[in-house]
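Below you'll find the structure, written out as structure tokens, and then a few comments.
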Amino acid sequence: MNLWEYVEDRWDLILFETVQHASMVAQCVLVAAVLGVLVGVATYRRPRPAAVATSIAGVLFTIPSLAMLGLLIPPLGLGVAPSVTAIVLYALLPIIRNTVVGLRGVDATLVDAARGIGMSRRGSLARVELPLAWPVILTGIRVATQLAMGIGAVAAYVSGPGLGEQIFSGLARLGGANAVNSALTGTIGVAILALLFDGCFVLLGRLTTPGLRHG
Amino acid sequence: MTVESAAAKEETTPEPRIGRSWHVILPPLCYLAVAAAMVGYTQAVPLDGIEHGSLNLTFLRRRTWEHVELVFFSTVLVLVVALPLGVLLTRRALRRATPVVLALVNLGQATPAVGLVVLLAVLFTIGFWTAVVALFAYSLLPTLRNTMVGIEQVDPRLVDAGRGIGMSAAGVLFKVELPMAVPVILSGVRTTLVLNVGTAGIAAFIGSGGLGDLITTGVSTQRNLVLITGCVLIAVLALIIDWLGGLAQRYLSPKGLT
């Protein structure tokens with residue numbers, strides 16, 4: 001059975017796992033984006049909390065994903081809970097860091113001007129600083145999404161949902177028929193999804209940053 | 001400067017040189033203390049047969065050493081291939097290949113590490129060297145990209161100036177371009193090292209040994225203590241290697257560049 005026949009034969013299952021993978025990644029990144037931007041906004045004006053937030057996220061980020069998933073098994077059990085928690089934790093670092101960097105990169109004279117024409121602190125944040133920092137924040141979310149794709153694949157080890165199941169069933173059938181097909185399907189599937197998501201982010205970047213493209 | 005390059009710059013800025021010595025020494029001491037406490041705890045509590053098999057000190061030492069070896073061999077291989085190749089690809093004759101390489105890097109990063117590890121095991125054989133090859137394949141492209149980016153971001157006026165004062169092409173490469181590229185290259189190597197610690201853990205699925213073995217044993221035999229010990233030791237190893245990478249960035253970057 002070649003790869004094509006394998007995929008055709010199990011199309012429904014593979015499609016289901018692909019959709020699961022995509023939806024898990026999308027939801028986790030969404031949660032991480034909201035949390036990360038909030039943490040970034042709350043800390044970027046104060047150097048010490050910002051340093052604490054980024055260094056905690058940095059330590060979490062350095063811990064390998066398999067170890068993180070393993071550590072989450074005793075408190076959360078197997079399945080969706082540890083997978084989602086791990087992905088959100090990993091996705092936080094690039095988003096927090098880029099939010100802080102992006103907001104700090106906004107020209108201080110523009111913020112002064114915004115305050116000068118009578119905008120409140122919150123108004124200047126929402127209408128001047130965040131829009132200007134948006135491309136950098138978006139890059140952070142994009143990096144986080146790529147990470148989440150890969151960790152989502154490992155998450156199948158703790159019985160998480162998604163295409164990782166194909167990879168691990170390939171490993172379980174090592175030496176048997178379809179082992180290669182199964183592992184290939186999982187790997188290529190995740191790669192295609194990652195590239196698709198990345199393409200969406202490029203598009204989103206183009207659509208949401210009018211006039212800022214020239215830097 | 002565009003915003004994206006600002007973000008990229010932030011990522012590759014070397015550690016600041018300043019800081020009191022305890023600032024440098026404290027984190028690894030904390031990491032080591034966590035590892036020591038974990039191992040000490042496993043030695044202090046009563047263990048059943050399976051736990052004892054995976055948690056005695058000789059076994060732990062062997063697994064840790066295997067993990068370090070996996071990371072070491074794959075990283076050395078990557079450096080041996082990526083550095084010369086990166087230099088070659090930034091020479092004028094081969095510059096046109098740059099977009100192709102960058103596209104390949106993107107493709108490679110979209111591929112999940114676990115998929116690559118399993119795929120190599122399924123296609124060839126399980127074991128230590130397959131894992132080294134998988135780690136090598138996974139971390140080659142990012143290191144190559146950083147080498148190329150590092151060399152290409154060198155101000156072309158400096159290269160011109162080097163040629164202008166009569167340096168040979170090789171002289172400019174070794175005395176101007178490479179030293180100026182060192183911070184970016186080192187930051188790439190550091191990322192590679194840390195990634196490899198994680199991927200080496202995944203490689204336990206294909207029988208390569210290493211600390212990931214404790215995780216798989218812990219999960220399959222439902223011994224949480226074994227599982228947690230494996231996780232903590234891998235995490236500590238990653239953090240310490242990241243710290244060593246930070247030190248290397250600090251001390252190996254040419255003085256006076258930042």
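To be explicit about the labels: the chains of the structure tokens are called A, B, and onward in the order shown, and within each one the residues are counted from 1, while ligands get numbers from 1 in the order they are shown.
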- Message: Using only C-alpha atoms, which protein or nucleic acid residues come within 12 Å of B:Ile25? Drop anything in the same chain fewer than 6 positions from it, and give the result as a PyMOL selection string.
- Response: chain B and resi 19+31-32+240+243-244+246-247
Could you please take those selected residues and save N, CA and C atoms as a PDB file, in the first residue's frame?
ATOM      1  N   GLY B  19      26.413  43.143  35.243  1.00  0.00           N
ATOM      2  CA  GLY B  19      25.760  42.236  36.167  1.00  0.00           C
ATOM      3  C   GLY B  19      26.746  41.742  37.185  1.00  0.00           C
ATOM      4  N   TYR B  31      19.108  25.624  39.681  1.00  0.00           N
ATOM      5  CA  TYR B  31      18.737  24.459  38.870  1.00  0.00           C
ATOM      6  C   TYR B  31      19.350  23.194  39.457  1.00  0.00           C
ATOM      7  N   LEU B  32      20.655  23.279  39.804  1.00  0.00           N
ATOM      8  CA  LEU B  32      21.334  22.110  40.360  1.00  0.00           C
ATOM      9  C   LEU B  32      20.700  21.690  41.680  1.00  0.00           C
ATOM     10  N   ILE B 240      20.436  24.332  32.288  1.00  0.00           N
ATOM     11  CA  ILE B 240      21.874  24.506  32.498  1.00  0.00           C
ATOM     12  C   ILE B 240      22.584  24.702  31.162  1.00  0.00           C
ATOM     13  N   TRP B 243      22.053  28.106  30.054  1.00  0.00           N
ATOM     14  CA  TRP B 243      22.901  29.020  30.828  1.00  0.00           C
ATOM     15  C   TRP B 243      24.331  29.003  30.286  1.00  0.00           C
ATOM     16  N   LEU B 244      24.835  27.788  30.004  1.00  0.00           N
ATOM     17  CA  LEU B 244      26.185  27.689  29.437  1.00  0.00           C
ATOM     18  C   LEU B 244      26.252  28.421  28.095  1.00  0.00           C
ATOM     19  N   GLY B 246      24.461  30.965  27.259  1.00  0.00           N
ATOM     20  CA  GLY B 246      24.478  32.386  27.567  1.00  0.00           C
ATOM     21  C   GLY B 246      25.884  32.856  27.933  1.00  0.00           C
ATOM     22  N   LEU B 247      26.576  32.033  28.753  1.00  0.00           N
ATOM     23  CA  LEU B 247      27.954  32.356  29.123  1.00  0.00           C
ATOM     24  C   LEU B 247      28.837  32.432  27.886  1.00  0.00           C
TER      25      LEU B 247
END
- Task: Within 8 Å of chain B, which residues of chain A are there when counting only C-alpha atoms? Please give them as a PyMOL selection string.
- Result: chain A and resi 59+62-68+70-71+74+98+101-102+135-136+139+146+149-151+153-154+164+167-168+170-171+174-175+179-180+183-184+186-188+190-192+194-195+214-215
- Message: Give me, as a PyMOL selection string, all polymer residues having an atom no more than 12 Å from B:Pro142, counting only C-alpha atoms and skipping those fewer than 6 positions away in the same chain.
- Response: chain B and resi 75+78-79+82-83+86+101-110+135-136+148-150+184-193+195-196
Enumerate, as a compact mmCIF listing (two decimals) with C-alpha atoms, in the first residue's frame, the complete set of residues in chain A that a backbone-based DSSP assignment places in alpha helix (DSSP H).
# COMPACT_ATOMS: atom_id res chain seq x y z
CA LEU A 3 1.13 6.58 0.87
CA TRP A 4 -1.64 7.76 -1.42
CA GLU A 5 -3.72 4.61 -0.98
CA TYR A 6 -3.15 4.78 2.75
CA VAL A 7 -4.44 8.34 2.93
CA GLU A 8 -7.39 7.55 0.69
CA ASP A 9 -8.27 4.52 2.74
CA TRP A 11 -9.35 9.79 4.70
CA ASP A 12 -12.13 10.35 7.25
CA LEU A 13 -9.91 9.61 10.23
CA ILE A 14 -7.04 11.70 8.90
CA LEU A 15 -9.32 14.61 8.11
CA PHE A 16 -10.81 14.38 11.59
CA GLU A 17 -7.38 14.38 13.22
CA THR A 18 -6.26 17.28 11.04
CA VAL A 19 -9.27 19.35 12.02
CA GLN A 20 -8.73 18.45 15.68
CA HIS A 21 -5.08 19.47 15.44
CA ALA A 22 -5.89 22.77 13.76
CA SER A 23 -8.66 23.62 16.18
CA MET A 24 -6.54 22.72 19.23
CA VAL A 25 -3.68 24.90 18.02
CA ALA A 26 -5.97 27.77 17.08
CA GLN A 27 -7.78 27.77 20.42
CA CYS A 28 -4.60 27.44 22.47
CA VAL A 29 -2.90 30.25 20.58
CA LEU A 30 -5.98 32.43 20.98
CA VAL A 31 -5.95 31.92 24.75
CA ALA A 32 -2.18 32.48 24.86
CA ALA A 33 -2.49 35.61 22.74
CA VAL A 34 -5.10 37.14 25.06
CA LEU A 35 -3.13 36.23 28.18
CA GLY A 36 0.23 37.18 26.68
CA VAL A 37 -0.90 40.60 25.43
CA LEU A 38 -2.54 41.30 28.79
CA VAL A 39 0.65 40.40 30.66
CA GLY A 40 2.69 42.44 28.20
CA VAL A 41 0.42 45.48 28.51
CA ALA A 42 0.42 45.20 32.29
CA THR A 43 4.19 45.07 32.58
CA PRO A 47 11.10 47.26 33.90
CA ARG A 48 11.17 44.93 36.91
CA PRO A 49 7.80 43.16 36.47
CA ALA A 50 8.49 42.98 32.73
CA ALA A 51 11.84 41.32 33.42
CA VAL A 52 10.22 38.92 35.90
CA ALA A 53 7.41 38.02 33.48
CA THR A 54 9.77 37.42 30.56
CA SER A 55 12.27 35.46 32.62
CA ILE A 56 9.58 33.18 34.10
CA ALA A 57 8.19 32.63 30.62
CA GLY A 58 11.76 32.09 29.40
CA VAL A 59 12.42 29.36 31.97
CA LEU A 60 9.12 27.67 31.09
CA PHE A 61 10.09 27.95 27.44
CA THR A 62 13.48 26.32 27.97
CA SER A 65 7.95 20.00 25.73
CA LEU A 66 8.06 16.30 26.55
CA ALA A 67 9.21 17.07 30.11
CA MET A 68 6.48 19.68 30.49
CA LEU A 69 3.82 17.27 29.23
CA GLY A 70 5.15 14.60 31.58
CA LEU A 71 5.06 16.93 34.57
CA LEU A 72 1.44 17.78 33.79
CA ILE A 73 0.33 14.13 33.78
CA PRO A 74 0.22 13.62 37.59
CA PRO A 75 -1.96 16.69 38.29
CA LEU A 76 -4.07 16.71 35.11
CA VAL A 80 -6.77 17.11 26.34
CA ALA A 81 -6.03 18.93 29.62
CA PRO A 82 -2.22 18.48 29.79
CA SER A 83 -1.87 19.01 26.02
CA VAL A 84 -3.76 22.30 26.05
CA THR A 85 -2.02 23.55 29.20
CA ALA A 86 1.43 22.78 27.81
CA ILE A 87 0.72 24.42 24.46
CA VAL A 88 -0.63 27.58 26.07
CA LEU A 89 2.38 27.82 28.40
CA TYR A 90 4.81 27.52 25.49
CA ALA A 91 2.93 29.94 23.30
CA LEU A 92 3.06 32.60 26.01
CA LEU A 93 6.77 33.43 25.83
CA PRO A 94 7.02 34.73 22.26
CA ILE A 95 3.78 36.66 22.68
CA ILE A 96 4.72 38.32 25.99
CA ARG A 97 8.21 39.14 24.74
CA ASN A 98 7.03 40.60 21.46
CA THR A 99 4.26 42.58 23.15
CA VAL A 100 6.76 44.16 25.55
CA VAL A 101 9.28 44.79 22.77
CA GLY A 102 6.62 46.15 20.43
CA LEU A 103 5.08 48.50 22.97
CA ARG A 104 8.48 49.74 24.12
CA ALA A 108 7.73 58.15 22.91
CA THR A 109 6.96 61.44 21.16
CA LEU A 110 3.86 59.86 19.60
CA VAL A 111 2.63 58.78 23.01
CA ASP A 112 3.32 62.30 24.29
CA ALA A 113 1.40 63.74 21.39
CA ALA A 114 -1.54 61.43 22.07
CA ARG A 115 -1.59 62.46 25.72
CA GLY A 116 -1.17 66.07 24.64
CA ARG A 121 -3.65 56.65 29.13
CA ARG A 122 -5.99 53.85 28.11
CA GLY A 123 -7.04 55.67 24.95
CA SER A 124 -3.46 56.20 23.91
CA LEU A 130 -1.18 48.86 20.41
CA PRO A 131 -1.86 49.56 16.72
CA LEU A 132 1.76 50.64 16.26
CA ALA A 133 3.08 47.62 18.12
CA TRP A 134 0.70 45.26 16.34
CA PRO A 135 3.09 43.97 13.64
CA VAL A 136 5.61 42.91 16.28
CA ILE A 137 2.89 41.33 18.43
CA LEU A 138 1.55 39.51 15.39
CA THR A 139 5.02 38.13 14.68
CA GLY A 140 5.07 36.80 18.25
CA ILE A 141 1.71 35.10 17.76
CA ARG A 142 2.97 33.64 14.50
CA VAL A 143 6.04 32.15 16.17
CA ALA A 144 3.82 30.82 18.95
CA THR A 145 1.58 29.11 16.40
CA GLN A 146 4.52 27.33 14.79
CA LEU A 147 5.63 26.10 18.21
CA ALA A 148 2.13 24.98 19.09
CA MET A 149 1.97 22.86 15.92
CA GLY A 150 5.05 20.87 16.91
CA ILE A 151 4.08 20.51 20.56
CA GLY A 152 0.60 19.44 19.47
CA ALA A 153 2.25 16.53 17.69
CA VAL A 154 4.16 15.45 20.81
CA GLY A 164 0.37 13.22 16.45
CA GLU A 165 -1.71 10.05 16.76
CA GLN A 166 -0.68 9.10 13.24
CA ILE A 167 2.98 9.53 14.14
CA PHE A 168 2.73 7.46 17.29
CA SER A 169 0.70 4.72 15.65
CA GLY A 170 3.45 4.56 13.04
CA LEU A 171 5.92 4.07 15.87
CA ALA A 172 3.71 1.44 17.48
CA ALA A 179 4.25 2.11 9.72
CA VAL A 180 6.02 4.40 7.27
CA ASN A 181 2.74 5.58 5.74
CA SER A 182 1.30 6.42 9.11
CA ALA A 183 4.37 8.32 10.33
CA LEU A 184 4.66 10.13 7.00
CA THR A 185 0.99 11.12 7.03
CA GLY A 186 1.28 12.58 10.52
CA THR A 187 4.52 14.42 9.83
CA ILE A 188 3.51 15.84 6.47
CA GLY A 189 0.05 16.67 7.77
CA VAL A 190 1.45 18.78 10.61
CA ALA A 191 3.93 20.43 8.23
CA ILE A 192 1.16 21.36 5.78
CA LEU A 193 -1.02 22.71 8.57
CA ALA A 194 1.89 24.75 9.92
CA LEU A 195 2.58 26.26 6.49
CA LEU A 196 -1.13 27.01 5.97
CA PHE A 197 -1.38 28.77 9.33
CA ASP A 198 1.79 30.68 8.58
CA GLY A 199 0.31 31.80 5.27
CA CYS A 200 -2.80 32.99 7.09
CA PHE A 201 -0.62 35.07 9.41
CA VAL A 202 1.17 36.68 6.49
CA LEU A 203 -2.22 37.58 5.01
CA LEU A 204 -3.55 38.79 8.34
CA GLY A 205 -0.44 40.94 8.72
CA ARG A 206 -1.01 42.51 5.31
CA LEU A 207 -4.67 43.14 6.03
CA THR A 208 -4.30 44.57 9.51
- Message: For B:Ser253, find every residue with an atom within 8 Å (counting only C-alpha atoms), except residues of its own chain fewer than 4 positions away, and show them as a PyMOL selection string.
- Response: chain B and resi 179+182-183+248-249+257
With the cut-off set at 8 Å and counting only C-alpha atoms, tabulate each residue of stretch 105-149 of chain B with an atom at most that distance from an atom of stretch 64-72 of chain B, showing the nearest atom pair and its distance in Å to one decimal, ordered by chain and increasing number, as CSV.
residue,atom,partner,partner_atom,distance
B:Phe128,CA,B:Leu70,CA,7.5
B:Ala131,CA,B:Leu70,CA,7.5
B:Val132,CA,B:Leu70,CA,5.9
B:Leu135,CA,B:Val71,CA,7.9
With N, CA and C atoms retained, export the selected residues as a JSON list (two decimals), in the first residue's frame.
[["chain", "number", "residue", "atom", "x", "y", "z"],
["B", 128, "PHE", "N", 20.58, 4.68, 19.12],
["B", 128, "PHE", "CA", 21.29, 5.91, 19.45],
["B", 128, "PHE", "C", 21.63, 6.74, 18.21],
["B", 131, "ALA", "N", 18.90, 8.44, 16.38],
["B", 131, "ALA", "CA", 18.48, 9.64, 17.12],
["B", 131, "ALA", "C", 19.43, 10.80, 16.84],
["B", 132, "VAL", "N", 20.74, 10.50, 16.80],
["B", 132, "VAL", "CA", 21.70, 11.56, 16.51],
["B", 132, "VAL", "C", 21.42, 12.16, 15.13],
["B", 135, "LEU", "N", 18.31, 14.34, 15.30],
["B", 135, "LEU", "CA", 18.62, 15.62, 15.94],
["B", 135, "LEU", "C", 19.41, 16.52, 15.00]]
